[in-house]
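Everything below concerns the one structure shown next.
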Amino acid sequence: MNPARARSPSSAALRLARKSWKLQHLDSAQAIVLAEQALARAQGSADASAEAWARLSRGFHLMYYATPIEAMPELAQAQALFDATHDRAGHILAGAGMARCLWREGKFAESLERVLPLRGEGLRVLKHDERGILLNTIAGCYSAQGQSEQAFAYMYQALRDSAPVRGHGFDAVLYCNLAHELLQLGDYHEALRHVDEGIARCAGLNNARLLSVLLVNRVICLTDLDRPVETIPDIRRLLTLPTDASGRGTMSTHFETMAIAALRAGDVALGSELVGRAQGAHRAAIPDDQLELVVAMAELASLRGEFRQAAAQLEQAQPLAERGAVGLSLRVRCLFFQTLADVRERMADPAGSLTCLRTWQRLHVERAHLASRARYQAAALHTELLRLQQELDQIDARRRSTERARRELEAINQQLSQKVDEVQSLQTALRQQAVRDFLTGLFNRRHLNDILPSMMALARRDQQPLAVALIDLDHFKAVNDRHGHGVGDRLLAAFGDMLAQQCRKSDVACRYGGEEFCLLMPRTDAGAARRKLGALLKLWRAAEFNVDAAPLTGHTFSAGIADTSSDPVSAEALLKRADDLLLEAKRLGRNRIVVAEVAAPNESVP
């Protein structure tokens with residue numbers, strides 16, 4: 001007998017309970033009916049194993065459709081019965097369910113402390129979708145604490161372990177949760193892809209709650225992609241689902257999320273109705289939900305012209321948004337400061353708006369760093385679990401002696417090899433992402449710091465100069481303030497493309513930070529580099545962009561150039577010299593290039 005699932009021979013009650021458990025995602029309505037039937041039979045025949053699985057299924061159903069307070073006692077009873085019957089798989093699943101309840105009550109640290117010790121045994125004992133449930137719960141606990149890199153990694157592996165053919169619908173849950181985590185990282189297009197896959201998978205399920213959560217995630221994706229009008233059909237579809245066990249359930253109705261989307265789509269009546277429903281809904285102590293409600297109320301007040309009221313509502317919640325809290329995501333904090341910046345701008349408070357935008361920018365950068373770390377964590381954990389799976393397969397292979405077993409082992413090895421290839425491909429892609437700026441396609445500052453010392457060493461060896469130019473787009477902040485960050489991003493991307501086209505194969509172009517760029521030019525002295533940047537400045541001046549049917553022209557930049565013939569000591573010294581010359585160019589009035597050790601005046605390029 002398997003010690004992980006030691007129980008009495010299968011009874012009718014146990015078969016019903018196990019079927020109920022497997023149907024919880026495929027057909028939630030049928031699952032609870034079977035759980036109740038199994039529980040009645042089990043109690044009548046004193047079948048502890050059947051009662052344990054029936055209560056486990058009931059506990060998860062209450063967790064999804066009722067409240068954590070109602071689900072917790074049922075799961076605790078199930079775990080006690082699993083302990084009595086020495087069923088370790090059931091014990092781990094019940095523990096995962098209780099951890100999820102704690103998480104939904106806002107007890108984020110306690111939830112992780114409960115579930116994390118189950119990980120090692122769970123990976124040995126659980127299979128496929130049940131292993132996915134454990135991994136997904138750990139992921140949710142990390143996500144609630146803002147540790148997206150850990151959450152992403154666990155969700156990624158849970159998805160790998162739950163293929164549609166064997167996942168009993170749990171793969172659709174993982175598509176949903178993976179999309180949610182990608183939203184936190186700001187990868188909206190990839191999140192939308194997973195949402196759409198989850199919705200397509202739901203077409204074969206009878207699980208209205210799962211569909212509703214997927215639709216909410218799609219509403220968030222489309223809203224943050226500045227496509228709120230497209231959310232209205234999803235919002236109206238969500239509102240047709242009742243908030244009970246036959247529909248969405250009473251937990252996490254997300255009316256505030258839908259309200260923000262409706263208001264940004266211009267449907268004030270629908271947005272006002274949703275704000276009212278959000279204020280009256282059952283609410284757990286989840287900081288994201290609380291702050292989103294404040295944003296929704298402020299957006300409604302702004303659309304009514306009540307800017308002072310909107311500002312007062314936001315400013316009351318501002319301390320929470322500024323300091324952050326366990327369970328408060330960077331996505332929602334960015335949303336909050338973006339909204340507060342808009343309100344202050346409408347109140348003719350540009351200084352206050354700019355302060356909020358700077359906070360938004362800092363959080364956005366932090367979010368981008370989090371996304372980078374998450375991708376590496378996904379690959380690392382995937383490799384670790386593949387190694388564990390390979391070890392288990394090797395142990396299993398030694399038990400097999402028939403030709404059929406050998407053929408199955410070959411198929412498993414082939415699958416593992418394919419997964420290893422996928423991990424290697426992912427790691428290669430991640431290494432490329434780590435050195436590229438996502439907006440301009442140029443190398444980033446990290447790559448600059450890595451490559452400049454070696455380029456200087458090569459220049460010394462060949463006794464050839466290496467020129468370094470730091471470039472700053474003039475008055476770029478004014479473009480953002482006047483036309484918005486979308487137009488600013490267009491200009492950055494256009495300049496990056498122009499810079500790349502003017503480069504030789506040996507040149508290295510980087511985005512240095514914000515509106516600053518760096519160009520490394522081997523076998524080039526400062527004078528030759530100045531001529532090259534002069535040509536680039538003429539091209540940039542001539543560039544024209546259409547904004548709101550009006551041309552945006554007159555772009556300039558300032559630049560400082562140093563080379564190794566004047567500053568040969570170190571990469572840091574060379575960059576510092578170029579930066580000092582850039583500051584001198586700005587001080588002299590911008591729209592010019594200043595070169596190290598040049599006797600003639602450094603005037604602007606005609």
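Please note that chains go A, B, ... in the order of the structure tokens, that every chain numbers its residues from 1, and that ligands are numbered from 1 in the order shown.
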Task: range 531-547 of chain A environment, 9 Å, only C-alpha atoms, sequence neighbours closer than 2 positions dropped, as an MDAnalysis selection string - done: chainID A and resid 469 483 487 490:491 495 498:499 502 526:529 549:559 591:593 604:606
Within 12 Å of range 49-66 of chain A, which residues of range 188-279 of chain A come that close, and what is the closest atom pair and distance in Å for each? Count only C-alpha atoms and give it as CSV.
```
residue,atom,partner,partner_atom,distance
A:Asn207,CA,A:Tyr64,CA,10.7
A:Ala208,CA,A:Tyr65,CA,10.3
A:Arg209,CA,A:Tyr64,CA,7.7
A:Leu210,CA,A:Tyr64,CA,9.1
A:Ser212,CA,A:Tyr64,CA,11.7
A:Val213,CA,A:Tyr64,CA,10.9
A:Pro242,CA,A:Tyr65,CA,10.8
A:Thr243,CA,A:Tyr65,CA,8.1
A:Asp244,CA,A:Tyr65,CA,6.3
A:Ala245,CA,A:Tyr65,CA,5.2
A:Ser246,CA,A:Tyr65,CA,8.4
A:Gly247,CA,A:Tyr65,CA,8.2
A:Arg248,CA,A:Tyr65,CA,6.9
A:Gly249,CA,A:Tyr65,CA,3.9
A:Thr250,CA,A:Ala66,CA,5.6
A:Met251,CA,A:Ala66,CA,6.3
A:Ser252,CA,A:Tyr64,CA,9.4
A:Thr253,CA,A:Tyr65,CA,10.5
```
Item to complete: Within 9 Å of Arg346 in chain A, counting only C-alpha atoms, which residues show up once you throw out same-chain ones fewer than 4 positions away? Write them as an NGL selection string, please.
Response: :A and (302 or 307 or 341-342 or 350)
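Across A:Thr440, A:Gln463, A:Thr231, A:Ser417, the tightest approach to Gly496 in chain A is made by A:Thr440 when counting only C-alpha atoms.
Excluding Leu274 in chain A and any residue on its chain fewer than 4 positions from it, the residues at most 8 Å away by only C-alpha atoms are Phe255, Glu256, Met258, Ala259, Leu270 and Ala278 of chain A.
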Export, as a PDB file, in the first residue's frame, the selected residues with C-alpha atoms.
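The resulting file, again-v2.pdb, is reproduced below:
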```
ATOM      1  CA  PHE A 255     -16.481  45.808  -8.619  1.00  0.00           C
ATOM      2  CA  GLU A 256     -13.854  48.519  -8.031  1.00  0.00           C
ATOM      3  CA  MET A 258     -14.649  47.138 -13.234  1.00  0.00           C
ATOM      4  CA  ALA A 259     -15.627  50.639 -12.077  1.00  0.00           C
ATOM      5  CA  LEU A 270     -22.128  52.180 -15.228  1.00  0.00           C
ATOM      6  CA  ALA A 278     -18.004  47.942  -4.536  1.00  0.00           C
TER       7      ALA A 278
END
```
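Considering only C-alpha atoms, the residue among A:Met297, A:Val468, A:Leu238, A:Val216 positioned nearest to Leu340 in chain A is A:Met297.
With CA of Val508 in chain A on one side and CA of Leu520 in chain A on the other, the separation reads 5.1 Å.
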> Which neighbours of Leu452 in chain A fall inside 10 Å, counting only C-alpha atoms, when residues of the same chain fewer than 4 positions from it are skipped, and could you give them as a list in words?
Replying inline: His447, Leu448, Met456, Ala457, Leu458, Leu466, Val468, Val508, Leu520, Ser570, Ala571, Glu572, Leu574 and Leu575 of chain A
